[in-house]
>>> print(open('upload_3.tsv').read())   # TSV, N, CA and C atoms
chain	number	residue	atom	x	y	z
T	1	ARG	N	-96.46	-8.43	-225.43
T	1	ARG	CA	-95.22	-8.22	-224.70
T	1	ARG	C	-94.81	-6.75	-224.70
T	2	ALA	N	-94.89	-6.10	-225.84
T	2	ALA	CA	-94.50	-4.69	-225.90
T	2	ALA	C	-95.37	-3.85	-224.97
T	3	TYR	N	-96.65	-4.17	-224.93
T	3	TYR	CA	-97.57	-3.43	-224.06
T	3	TYR	C	-97.17	-3.62	-222.59
T	4	ASN	N	-96.81	-4.83	-222.22
T	4	ASN	CA	-96.41	-5.10	-220.84
T	4	ASN	C	-95.10	-4.39	-220.48
T	5	ARG	N	-94.24	-4.21	-221.47
T	5	ARG	CA	-92.97	-3.50	-221.23
T	5	ARG	C	-93.23	-2.06	-220.79
T	6	LEU	N	-94.31	-1.48	-221.33
T	6	LEU	CA	-94.66	-0.11	-220.96
T	6	LEU	C	-95.05	0.00	-219.49
T	7	ARG	N	-95.55	-1.09	-218.94
T	7	ARG	CA	-95.96	-1.09	-217.54
T	7	ARG	C	-94.77	-1.08	-216.59
T	8	ARG	N	-93.63	-1.49	-217.05
T	8	ARG	CA	-92.44	-1.56	-216.18
T	8	ARG	C	-91.81	-0.20	-215.94
T	9	ASP	N	-92.00	0.74	-216.87
T	9	ASP	CA	-91.32	2.03	-216.74
T	9	ASP	C	-92.24	3.15	-217.23
T	10	PRO	N	-92.74	3.98	-216.30
T	10	PRO	CA	-93.64	5.06	-216.69
T	10	PRO	C	-93.05	6.01	-217.74
T	11	GLN	N	-91.73	6.20	-217.70
T	11	GLN	CA	-91.10	7.10	-218.67
T	11	GLN	C	-91.07	6.49	-220.06
T	12	VAL	N	-90.95	5.17	-220.15
T	12	VAL	CA	-90.99	4.50	-221.46
T	12	VAL	C	-92.38	4.68	-222.06
T	13	ALA	N	-93.40	4.51	-221.24
T	13	ALA	CA	-94.77	4.72	-221.72
T	13	ALA	C	-94.95	6.16	-222.19
T	14	TYR	N	-94.45	7.10	-221.42
T	14	TYR	CA	-94.54	8.52	-221.78
T	14	TYR	C	-93.85	8.80	-223.11
T	15	ARG	N	-92.69	8.22	-223.31
T	15	ARG	CA	-91.92	8.48	-224.54
T	15	ARG	C	-92.63	7.95	-225.79
T	16	THR	N	-93.58	7.03	-225.63
T	16	THR	CA	-94.32	6.57	-226.80
T	16	THR	C	-95.18	7.68	-227.40
T	17	LEU	N	-95.37	8.75	-226.65
T	17	LEU	CA	-96.15	9.89	-227.15
T	17	LEU	C	-95.33	10.79	-228.07
T	18	ALA	N	-94.02	10.68	-228.05
T	18	ALA	CA	-93.15	11.59	-228.80
T	18	ALA	C	-93.52	11.74	-230.28
T	19	PRO	N	-93.85	10.67	-231.00
T	19	PRO	CA	-94.17	10.85	-232.42
T	19	PRO	C	-95.43	11.69	-232.68
T	20	TYR	N	-96.25	11.87	-231.67
T	20	TYR	CA	-97.50	12.61	-231.85
T	20	TYR	C	-97.34	14.12	-231.67
T	21	TYR	N	-96.15	14.52	-231.24
T	21	TYR	CA	-95.87	15.94	-231.00
T	21	TYR	C	-94.59	16.32	-231.71
T	22	ALA	N	-94.54	17.54	-232.22
T	22	ALA	CA	-93.31	18.00	-232.86
T	22	ALA	C	-92.20	18.14	-231.82
T	23	HIS	N	-92.58	18.63	-230.64
T	23	HIS	CA	-91.60	18.88	-229.57
T	23	HIS	C	-92.25	18.58	-228.23
T	24	LEU	N	-92.37	17.31	-227.90
T	24	LEU	CA	-93.05	16.88	-226.68
T	24	LEU	C	-92.49	17.59	-225.45
T	25	GLU	N	-91.19	17.69	-225.36
T	25	GLU	CA	-90.57	18.27	-224.16
T	25	GLU	C	-90.69	19.79	-224.09
T	26	GLN	N	-91.20	20.40	-225.14
T	26	GLN	CA	-91.41	21.85	-225.10
T	26	GLN	C	-92.84	22.22	-224.71
T	27	LEU	N	-93.70	21.22	-224.54
T	27	LEU	CA	-95.06	21.49	-224.08
T	27	LEU	C	-94.99	22.05	-222.67
T	28	PRO	N	-95.99	22.82	-222.26
T	28	PRO	CA	-96.00	23.31	-220.88
T	28	PRO	C	-95.92	22.16	-219.88
T	29	GLN	N	-95.25	22.40	-218.76
T	29	GLN	CA	-95.03	21.34	-217.77
T	29	GLN	C	-96.33	20.72	-217.29
T	30	ASP	N	-97.36	21.53	-217.09
T	30	ASP	CA	-98.62	20.95	-216.60
T	30	ASP	C	-99.23	19.99	-217.62
T	31	LEU	N	-99.08	20.27	-218.90
T	31	LEU	CA	-99.58	19.36	-219.93
T	31	LEU	C	-98.73	18.09	-219.99
T	32	ARG	N	-97.42	18.22	-219.86
T	32	ARG	CA	-96.55	17.03	-219.85
T	32	ARG	C	-96.86	16.15	-218.64
T	33	ASP	N	-97.10	16.78	-217.48
T	33	ASP	CA	-97.46	16.01	-216.29
T	33	ASP	C	-98.77	15.26	-216.51
T	34	PHE	N	-99.74	15.93	-217.12
T	34	PHE	CA	-101.03	15.29	-217.42
T	34	PHE	C	-100.82	14.12	-218.38
T	35	LEU	N	-100.02	14.32	-219.43
T	35	LEU	CA	-99.80	13.26	-220.41
T	35	LEU	C	-99.10	12.05	-219.78
T	36	LEU	N	-98.13	12.30	-218.90
T	36	LEU	CA	-97.44	11.21	-218.20
T	36	LEU	C	-98.45	10.42	-217.36
T	37	LEU	N	-99.27	11.12	-216.62
T	37	LEU	CA	-100.28	10.46	-215.80
T	37	LEU	C	-101.26	9.69	-216.67
T	38	ARG	N	-101.78	10.34	-217.70
T	38	ARG	CA	-102.84	9.73	-218.52
T	38	ARG	C	-102.34	8.51	-219.30
T	39	VAL	N	-101.15	8.60	-219.89
T	39	VAL	CA	-100.64	7.46	-220.66
T	39	VAL	C	-100.40	6.27	-219.74
T	40	ASN	N	-99.96	6.53	-218.52
T	40	ASN	CA	-99.73	5.43	-217.59
T	40	ASN	C	-101.02	4.87	-217.02
T	41	GLN	N	-102.03	5.70	-216.85
T	41	GLN	CA	-103.34	5.18	-216.46
T	41	GLN	C	-103.85	4.22	-217.54
T	42	ARG	N	-103.67	4.60	-218.78
T	42	ARG	CA	-104.13	3.76	-219.88
T	42	ARG	C	-103.33	2.47	-219.98
T	43	VAL	N	-102.04	2.56	-219.77
T	43	VAL	CA	-101.19	1.37	-219.84
T	43	VAL	C	-101.60	0.36	-218.77
T	44	TRP	N	-102.00	0.84	-217.61
T	44	TRP	CA	-102.36	-0.06	-216.51
T	44	TRP	C	-103.81	-0.50	-216.54
T	45	SER	N	-104.60	0.02	-217.44
T	45	SER	CA	-106.00	-0.37	-217.53
T	45	SER	C	-106.15	-1.56	-218.48
T	46	ASP	N	-106.64	-2.67	-217.97
T	46	ASP	CA	-106.84	-3.84	-218.84
T	46	ASP	C	-107.90	-3.56	-219.89
T	47	ARG	N	-108.90	-2.74	-219.57
T	47	ARG	CA	-109.92	-2.36	-220.56
T	47	ARG	C	-109.28	-1.57	-221.70
T	48	GLN	N	-108.40	-0.63	-221.37
T	48	GLN	CA	-107.71	0.15	-222.39
T	48	GLN	C	-106.83	-0.75	-223.25
T	49	ARG	N	-106.16	-1.70	-222.62
T	49	ARG	CA	-105.29	-2.63	-223.35
T	49	ARG	C	-106.11	-3.42	-224.37
T	50	ARG	N	-107.25	-3.97	-223.94
T	50	ARG	CA	-108.10	-4.72	-224.86
T	50	ARG	C	-108.63	-3.83	-225.98
T	51	ALA	N	-109.01	-2.60	-225.63
T	51	ALA	CA	-109.52	-1.67	-226.64
T	51	ALA	C	-108.43	-1.33	-227.65
T	52	PHE	N	-107.23	-1.07	-227.18
T	52	PHE	CA	-106.11	-0.74	-228.05
T	52	PHE	C	-105.82	-1.89	-229.02
T	53	LEU	N	-105.71	-3.09	-228.48
T	53	LEU	CA	-105.40	-4.24	-229.34
T	53	LEU	C	-106.55	-4.53	-230.29
T	54	GLY	N	-107.79	-4.37	-229.84
T	54	GLY	CA	-108.94	-4.57	-230.72
T	54	GLY	C	-108.96	-3.55	-231.84
T	55	THR	N	-108.62	-2.32	-231.53
T	55	THR	CA	-108.58	-1.27	-232.55
T	55	THR	C	-107.51	-1.58	-233.59
T	56	LEU	N	-106.35	-2.01	-233.14
T	56	LEU	CA	-105.29	-2.36	-234.09
T	56	LEU	C	-105.75	-3.46	-235.04
T	57	ARG	N	-106.40	-4.48	-234.49
T	57	ARG	CA	-106.87	-5.58	-235.34
T	57	ARG	C	-107.91	-5.09	-236.35
T	58	SER	N	-108.83	-4.24	-235.91
T	58	SER	CA	-109.89	-3.79	-236.82
T	58	SER	C	-109.38	-2.83	-237.88
T	59	LEU	N	-108.32	-2.08	-237.59
T	59	LEU	CA	-107.78	-1.15	-238.57
T	59	LEU	C	-107.25	-1.86	-239.81
T	60	VAL	N	-106.78	-3.07	-239.63
T	60	VAL	CA	-106.22	-3.83	-240.75
T	60	VAL	C	-107.25	-3.97	-241.87
T	61	SER	N	-108.50	-4.22	-241.54
T	61	SER	CA	-109.52	-4.36	-242.59
T	61	SER	C	-110.27	-3.06	-242.84
T	62	TRP	N	-110.41	-2.22	-241.82
T	62	TRP	CA	-111.21	-1.00	-241.95
T	62	TRP	C	-110.53	0.06	-242.82
T	63	LEU	N	-109.25	0.29	-242.61
T	63	LEU	CA	-108.56	1.35	-243.35
T	63	LEU	C	-108.61	1.19	-244.86
T	64	PRO	N	-108.29	0.02	-245.40
T	64	PRO	CA	-108.37	-0.11	-246.87
T	64	PRO	C	-109.78	0.16	-247.41
T	65	ALA	N	-110.79	-0.30	-246.70
T	65	ALA	CA	-112.16	-0.07	-247.15
T	65	ALA	C	-112.52	1.41	-247.11
T	66	GLN	N	-112.07	2.11	-246.08
T	66	GLN	CA	-112.33	3.55	-245.97
T	66	GLN	C	-111.63	4.32	-247.09
T	67	GLN	N	-110.40	3.96	-247.36
T	67	GLN	CA	-109.64	4.66	-248.38
T	67	GLN	C	-110.24	4.47	-249.76
T	68	LYS	N	-110.84	3.32	-250.00
T	68	LYS	CA	-111.40	3.03	-251.31
T	68	LYS	C	-112.50	4.03	-251.69
T	69	GLY	N	-113.36	4.37	-250.77
T	69	GLY	CA	-114.48	5.25	-251.08
T	69	GLY	C	-114.29	6.70	-250.66
T	70	LEU	N	-113.15	7.02	-250.08
T	70	LEU	CA	-112.95	8.36	-249.53
T	70	LEU	C	-113.03	9.45	-250.59
T	71	ALA	N	-112.36	9.28	-251.70
T	71	ALA	CA	-112.35	10.32	-252.74
T	71	ALA	C	-113.76	10.64	-253.21
T	72	GLN	N	-114.57	9.64	-253.43
T	72	GLN	CA	-115.94	9.87	-253.89
T	72	GLN	C	-116.76	10.58	-252.82
T	73	ARG	N	-116.61	10.17	-251.56
T	73	ARG	CA	-117.38	10.80	-250.49
T	73	ARG	C	-117.00	12.28	-250.33
T	74	LEU	N	-115.72	12.58	-250.41
T	74	LEU	CA	-115.29	13.97	-250.26
T	74	LEU	C	-115.71	14.81	-251.46
T	75	ALA	N	-115.67	14.23	-252.64
T	75	ALA	CA	-116.04	14.96	-253.86
T	75	ALA	C	-117.51	15.35	-253.84
T	76	THR	N	-118.32	14.62	-253.11
T	76	THR	CA	-119.76	14.94	-253.07
T	76	THR	C	-120.16	15.65	-251.79
T	77	SER	N	-119.20	15.97	-250.94
T	77	SER	CA	-119.50	16.64	-249.68
T	77	SER	C	-120.01	18.05	-249.94
T	78	LEU	N	-121.04	18.42	-249.21
T	78	LEU	CA	-121.62	19.75	-249.35
T	78	LEU	C	-121.21	20.66	-248.21
T	79	HIS	N	-120.42	20.15	-247.30
T	79	HIS	CA	-120.07	20.90	-246.10
T	79	HIS	C	-118.75	21.66	-246.27
T	80	PRO	N	-118.71	22.89	-245.80
T	80	PRO	CA	-117.43	23.61	-245.80
T	80	PRO	C	-116.44	22.86	-244.91
T	81	THR	N	-115.23	22.76	-245.36
T	81	THR	CA	-114.25	21.95	-244.64
T	81	THR	C	-112.97	22.72	-244.41
T	82	LYS	N	-112.47	22.65	-243.16
T	82	LYS	CA	-111.16	23.18	-242.83
T	82	LYS	C	-110.29	21.98	-242.44
T	83	ILE	N	-109.13	21.94	-243.02
T	83	ILE	CA	-108.16	20.90	-242.68
T	83	ILE	C	-107.01	21.62	-241.98
T	84	VAL	N	-106.72	21.20	-240.78
T	84	VAL	CA	-105.61	21.79	-240.01
T	84	VAL	C	-104.59	20.69	-239.80
T	85	TRP	N	-103.35	20.96	-240.16
T	85	TRP	CA	-102.32	19.93	-240.15
T	85	TRP	C	-101.02	20.47	-239.60
T	86	GLY	N	-100.36	19.69	-238.78
T	86	GLY	CA	-99.03	20.05	-238.28
T	86	GLY	C	-97.98	19.74	-239.33
T	87	VAL	N	-97.16	20.71	-239.64
T	87	VAL	CA	-96.11	20.53	-240.66
T	87	VAL	C	-95.15	19.41	-240.25
T	88	GLU	N	-94.94	19.23	-238.95
T	88	GLU	CA	-94.00	18.22	-238.47
T	88	GLU	C	-94.70	16.94	-237.99
T	89	ASP	N	-95.88	16.67	-238.51
T	89	ASP	CA	-96.64	15.48	-238.15
T	89	ASP	C	-95.87	14.24	-238.58
T	90	GLN	N	-95.50	13.40	-237.63
T	90	GLN	CA	-94.77	12.16	-237.92
T	90	GLN	C	-95.70	10.96	-238.06
T	91	ILE	N	-96.96	11.13	-237.70
T	91	ILE	CA	-97.92	10.03	-237.78
T	91	ILE	C	-98.54	9.99	-239.18
T	92	THR	N	-99.02	11.14	-239.62
T	92	THR	CA	-99.58	11.25	-240.97
T	92	THR	C	-98.91	12.46	-241.62
T	93	ARG	N	-98.05	12.21	-242.54
T	93	ARG	CA	-97.20	13.24	-243.15
T	93	ARG	C	-98.01	14.35	-243.81
T	94	VAL	N	-97.39	15.51	-243.93
T	94	VAL	CA	-98.05	16.70	-244.47
T	94	VAL	C	-98.48	16.51	-245.92
T	95	GLN	N	-97.81	15.64	-246.66
T	95	GLN	CA	-98.22	15.36	-248.04
T	95	GLN	C	-99.65	14.81	-248.08
T	96	THR	N	-100.03	14.10	-247.04
T	96	THR	CA	-101.39	13.56	-246.96
T	96	THR	C	-102.41	14.69	-246.83
T	97	ALA	N	-102.06	15.75	-246.16
T	97	ALA	CA	-102.96	16.91	-246.03
T	97	ALA	C	-103.23	17.51	-247.40
T	98	HIS	N	-102.20	17.65	-248.21
T	98	HIS	CA	-102.37	18.20	-249.56
T	98	HIS	C	-103.22	17.26	-250.42
T	99	LEU	N	-102.97	15.97	-250.29
T	99	LEU	CA	-103.75	14.98	-251.04
T	99	LEU	C	-105.22	15.04	-250.60
T	100	LEU	N	-105.46	15.08	-249.33
T	100	LEU	CA	-106.82	15.16	-248.80
T	100	LEU	C	-107.53	16.40	-249.33
T	101	ALA	N	-106.88	17.53	-249.26
T	101	ALA	CA	-107.48	18.79	-249.74
T	101	ALA	C	-107.78	18.71	-251.23
T	102	SER	N	-106.96	18.02	-251.98
T	102	SER	CA	-107.15	17.93	-253.44
T	102	SER	C	-108.36	17.07	-253.83
T	103	LEU	N	-108.87	16.28	-252.90
T	103	LEU	CA	-110.00	15.41	-253.20
T	103	LEU	C	-111.33	16.15	-253.25
T	104	TYR	N	-111.36	17.36	-252.73
T	104	TYR	CA	-112.59	18.15	-252.76
T	104	TYR	C	-112.72	18.82	-254.13
T	105	PRO	N	-113.95	18.97	-254.63
T	105	PRO	CA	-114.13	19.64	-255.92
T	105	PRO	C	-113.75	21.13	-255.81
T	106	PRO	N	-113.27	21.72	-256.90
T	106	PRO	CA	-112.82	23.11	-256.87
T	106	PRO	C	-113.87	24.11	-256.34
T	107	ASP	N	-115.14	23.86	-256.63
T	107	ASP	CA	-116.16	24.81	-256.18
T	107	ASP	C	-116.48	24.66	-254.69
T	108	ARG	N	-115.98	23.61	-254.07
T	108	ARG	CA	-116.16	23.42	-252.62
T	108	ARG	C	-114.82	23.05	-251.98
T	109	ALA	N	-113.79	23.70	-252.42
T	109	ALA	CA	-112.44	23.37	-251.98
T	109	ALA	C	-112.32	23.45	-250.46
T	110	ALA	N	-111.58	22.52	-249.91
T	110	ALA	CA	-111.29	22.53	-248.48
T	110	ALA	C	-110.24	23.60	-248.22
T	111	HIS	N	-110.35	24.26	-247.09
T	111	HIS	CA	-109.36	25.25	-246.70
T	111	HIS	C	-108.31	24.55	-245.85
T	112	LEU	N	-107.10	24.48	-246.38
T	112	LEU	CA	-106.00	23.80	-245.70
T	112	LEU	C	-105.14	24.82	-244.97
T	113	THR	N	-104.95	24.59	-243.69
T	113	THR	CA	-104.06	25.42	-242.88
T	113	THR	C	-102.96	24.53	-242.32
T	114	LEU	N	-101.73	24.86	-242.67
T	114	LEU	CA	-100.58	24.13	-242.15
T	114	LEU	C	-99.99	24.92	-240.99
T	115	ILE	N	-99.72	24.23	-239.90
T	115	ILE	CA	-99.19	24.88	-238.70
T	115	ILE	C	-97.72	24.49	-238.54
T	116	PRO	N	-96.81	25.44	-238.82
T	116	PRO	CA	-95.38	25.15	-238.63
T	116	PRO	C	-95.08	24.86	-237.15
T	117	GLY	N	-94.17	23.94	-236.92
T	117	GLY	CA	-93.77	23.62	-235.55
T	117	GLY	C	-94.73	22.70	-234.81
T	118	ALA	N	-95.78	22.24	-235.50
T	118	ALA	CA	-96.76	21.36	-234.86
T	118	ALA	C	-96.63	19.95	-235.41
T	119	GLY	N	-96.96	19.00	-234.55
T	119	GLY	CA	-97.00	17.60	-234.95
T	119	GLY	C	-98.43	17.15	-235.16
T	120	HIS	N	-98.70	15.89	-234.82
T	120	HIS	CA	-100.01	15.29	-235.05
T	120	HIS	C	-101.10	15.90	-234.17
T	121	ASN	N	-100.75	16.28	-232.97
T	121	ASN	CA	-101.72	16.83	-232.01
T	121	ASN	C	-101.65	18.35	-231.97
T	122	VAL	N	-101.96	18.95	-233.09
T	122	VAL	CA	-101.93	20.42	-233.22
T	122	VAL	C	-102.75	21.07	-232.11
T	123	HIS	N	-103.90	20.51	-231.81
T	123	HIS	CA	-104.80	21.10	-230.83
T	123	HIS	C	-104.18	21.19	-229.44
T	124	GLN	N	-103.21	20.35	-229.12
T	124	GLN	CA	-102.54	20.43	-227.83
T	124	GLN	C	-101.29	21.31	-227.89
T	125	GLU	N	-100.61	21.29	-229.02
T	125	GLU	CA	-99.40	22.09	-229.14
T	125	GLU	C	-99.69	23.56	-229.39
T	126	PHE	N	-100.74	23.84	-230.15
T	126	PHE	CA	-101.09	25.21	-230.50
T	126	PHE	C	-102.60	25.44	-230.39
T	127	PRO	N	-103.15	25.30	-229.19
T	127	PRO	CA	-104.61	25.46	-229.06
T	127	PRO	C	-105.10	26.84	-229.49
T	128	GLU	N	-104.28	27.85	-229.30
T	128	GLU	CA	-104.70	29.20	-229.68
T	128	GLU	C	-104.88	29.33	-231.19
T	129	LYS	N	-104.09	28.60	-231.96
T	129	LYS	CA	-104.23	28.64	-233.42
T	129	LYS	C	-105.53	27.95	-233.85
T	130	ILE	N	-105.89	26.88	-233.16
T	130	ILE	CA	-107.15	26.20	-233.47
T	130	ILE	C	-108.31	27.14	-233.18
T	131	VAL	N	-108.26	27.81	-232.06
T	131	VAL	CA	-109.33	28.75	-231.70
T	131	VAL	C	-109.45	29.86	-232.74
T	132	GLU	N	-108.32	30.36	-233.23
T	132	GLU	CA	-108.33	31.41	-234.25
T	132	GLU	C	-109.02	30.94	-235.55
T	133	LEU	N	-108.93	29.66	-235.84
T	133	LEU	CA	-109.48	29.14	-237.09
T	133	LEU	C	-110.98	28.85	-237.02
T	134	ILE	N	-111.52	28.85	-235.83
T	134	ILE	CA	-112.95	28.60	-235.68
T	134	ILE	C	-113.69	29.91	-235.83
T	135	PRO	N	-114.63	29.96	-236.81
T	135	PRO	CA	-115.33	31.24	-237.04
T	135	PRO	C	-116.29	31.58	-235.91
>>> encode(input="upload_3.tsv", output="structure tokens")
Amino acid sequence: RAYNRLRRDPQVAYRTLAPYYAHLEQLPQDLRDFLLLRVNQRVWSDRQRRAFLGTLRSLVSWLPAQQKGLAQRLATSLHPTKIVWGVEDQITRVQTAHLLASLYPPDRAAHLTLIPGAGHNVHQEFPEKIVELIP
């Protein structure tokens, strides 16, 4: 029912994106126009609807299993890691970034970069900062 409600009003569907951005309405107009179009394309796609609902169902069992072994997998990782996190992330709080970084062993510590004024989608809100972080 909630999914069908989004089909009745394109702006309601668009507003569901707000938690993913620190300041959705401050994004450039062309990006907001794209997001409005894209979220509504997805809302009207029956394939997207089935995929969304299927993903929600699978997360219920997948997430706990992933979390159980995550610390061990990260502790044995040999790859250099950069963690980029929006300080205003409402989906996964910034405390999680610190916890994630702490799971790496000291000799292979992850480099954590916090981006003030960014939400969950740092790459869309501050693409230039992401580019700066790539060596």
>>> select_by_dssp(input="upload_3.tsv", residues="chain T", states="helix (DSSP H, G or I)", output="PyMOL selection string")
chain T and resi 2-8+10-15+18-20+24-26+29-44+46-75+94-102+106-108+122-125+127-133
>>> residues_around(input="upload_3.tsv", residues="Asp89 (chain T)", least_positions_apart="3", cutoff="5 Å", atoms="all atoms listed in the file", output="ChimeraX atom specification")
/T:86,92-93,118-120
>>> write_last_selection(input="upload_3.tsv", atoms="N, CA and C atoms", output="tab-separated table (two decimals), in the coordinates of the input")
chain	number	residue	atom	x	y	z
T	86	GLY	N	-100.36	19.69	-238.78
T	86	GLY	CA	-99.03	20.05	-238.28
T	86	GLY	C	-97.98	19.74	-239.33
T	92	THR	N	-99.02	11.14	-239.62
T	92	THR	CA	-99.58	11.25	-240.97
T	92	THR	C	-98.91	12.46	-241.62
T	93	ARG	N	-98.05	12.21	-242.54
T	93	ARG	CA	-97.20	13.24	-243.15
T	93	ARG	C	-98.01	14.35	-243.81
T	118	ALA	N	-95.78	22.24	-235.50
T	118	ALA	CA	-96.76	21.36	-234.86
T	118	ALA	C	-96.63	19.95	-235.41
T	119	GLY	N	-96.96	19.00	-234.55
T	119	GLY	CA	-97.00	17.60	-234.95
T	119	GLY	C	-98.43	17.15	-235.16
T	120	HIS	N	-98.70	15.89	-234.82
T	120	HIS	CA	-100.01	15.29	-235.05
T	120	HIS	C	-101.10	15.90	-234.17
>>> closest_atom_pairs(input="upload_3.tsv", of="region 35-89 of chain T", to="region 104-109 of chain T", cutoff="8 Å", atoms="only N, CA and C atoms", output="tab-separated table")
residue	atom	partner	partner_atom	distance
T:Ala71	CA	T:Tyr104	N	7.1
T:Arg73	C	T:Tyr104	CA	7.7
T:Leu74	C	T:Tyr104	CA	4.8
T:Ala75	CA	T:Pro105	N	4.6
T:Thr76	N	T:Pro105	N	6.4
T:Ser77	N	T:Pro105	N	7.1
T:Leu78	C	T:Arg108	CA	7.3
T:His79	C	T:Arg108	C	7.1
T:Pro80	CA	T:Arg108	C	6.7
T:Thr81	N	T:Ala109	C	5.9
T:Lys82	N	T:Ala109	C	7.3
>>> closest_residue(input="upload_3.tsv", among="T:Tyr21, T:Trp85, T:Phe126, T:Phe52", to="Tyr3 (chain T)", atoms="only C-alpha atoms")
T:Phe52
>>> residues_around(input="upload_3.tsv", residues="region 25-30 of chain T", least_positions_apart="6", cutoff="8 Å", atoms="only N, CA and C atoms", output="PyMOL selection string")
chain T and resi 18+36+124-125
>>> closest_residue(input="upload_3.tsv", among="T:His123, T:Thr113, T:Leu100, T:Asn4", to="Asp46 (chain T)", atoms="only C-alpha atoms")
T:Asn4
>>> atom_distance(input="upload_3.tsv", atom1="CA of Leu59 (chain T)", atom2="atom N of His111 (chain T)")
26.9 Å
>>> closest_residue(input="upload_3.tsv", among="T:Asn40, T:Thr55, T:Gln95, T:Gln48", to="Leu6 (chain T)", atoms="all atoms listed in the file")
T:Asn40
>>> closest_residue(input="upload_3.tsv", among="T:Leu56, T:Val39, T:Tyr20, T:Val131", to="Ile91 (chain T)", atoms="all atoms listed in the file")
T:Tyr20
>>> closest_residue(input="upload_3.tsv", among="T:Arg5, T:Arg42, T:Glu88, T:Leu31", to="Gly117 (chain T)", atoms="all atoms listed in the file")
T:Glu88
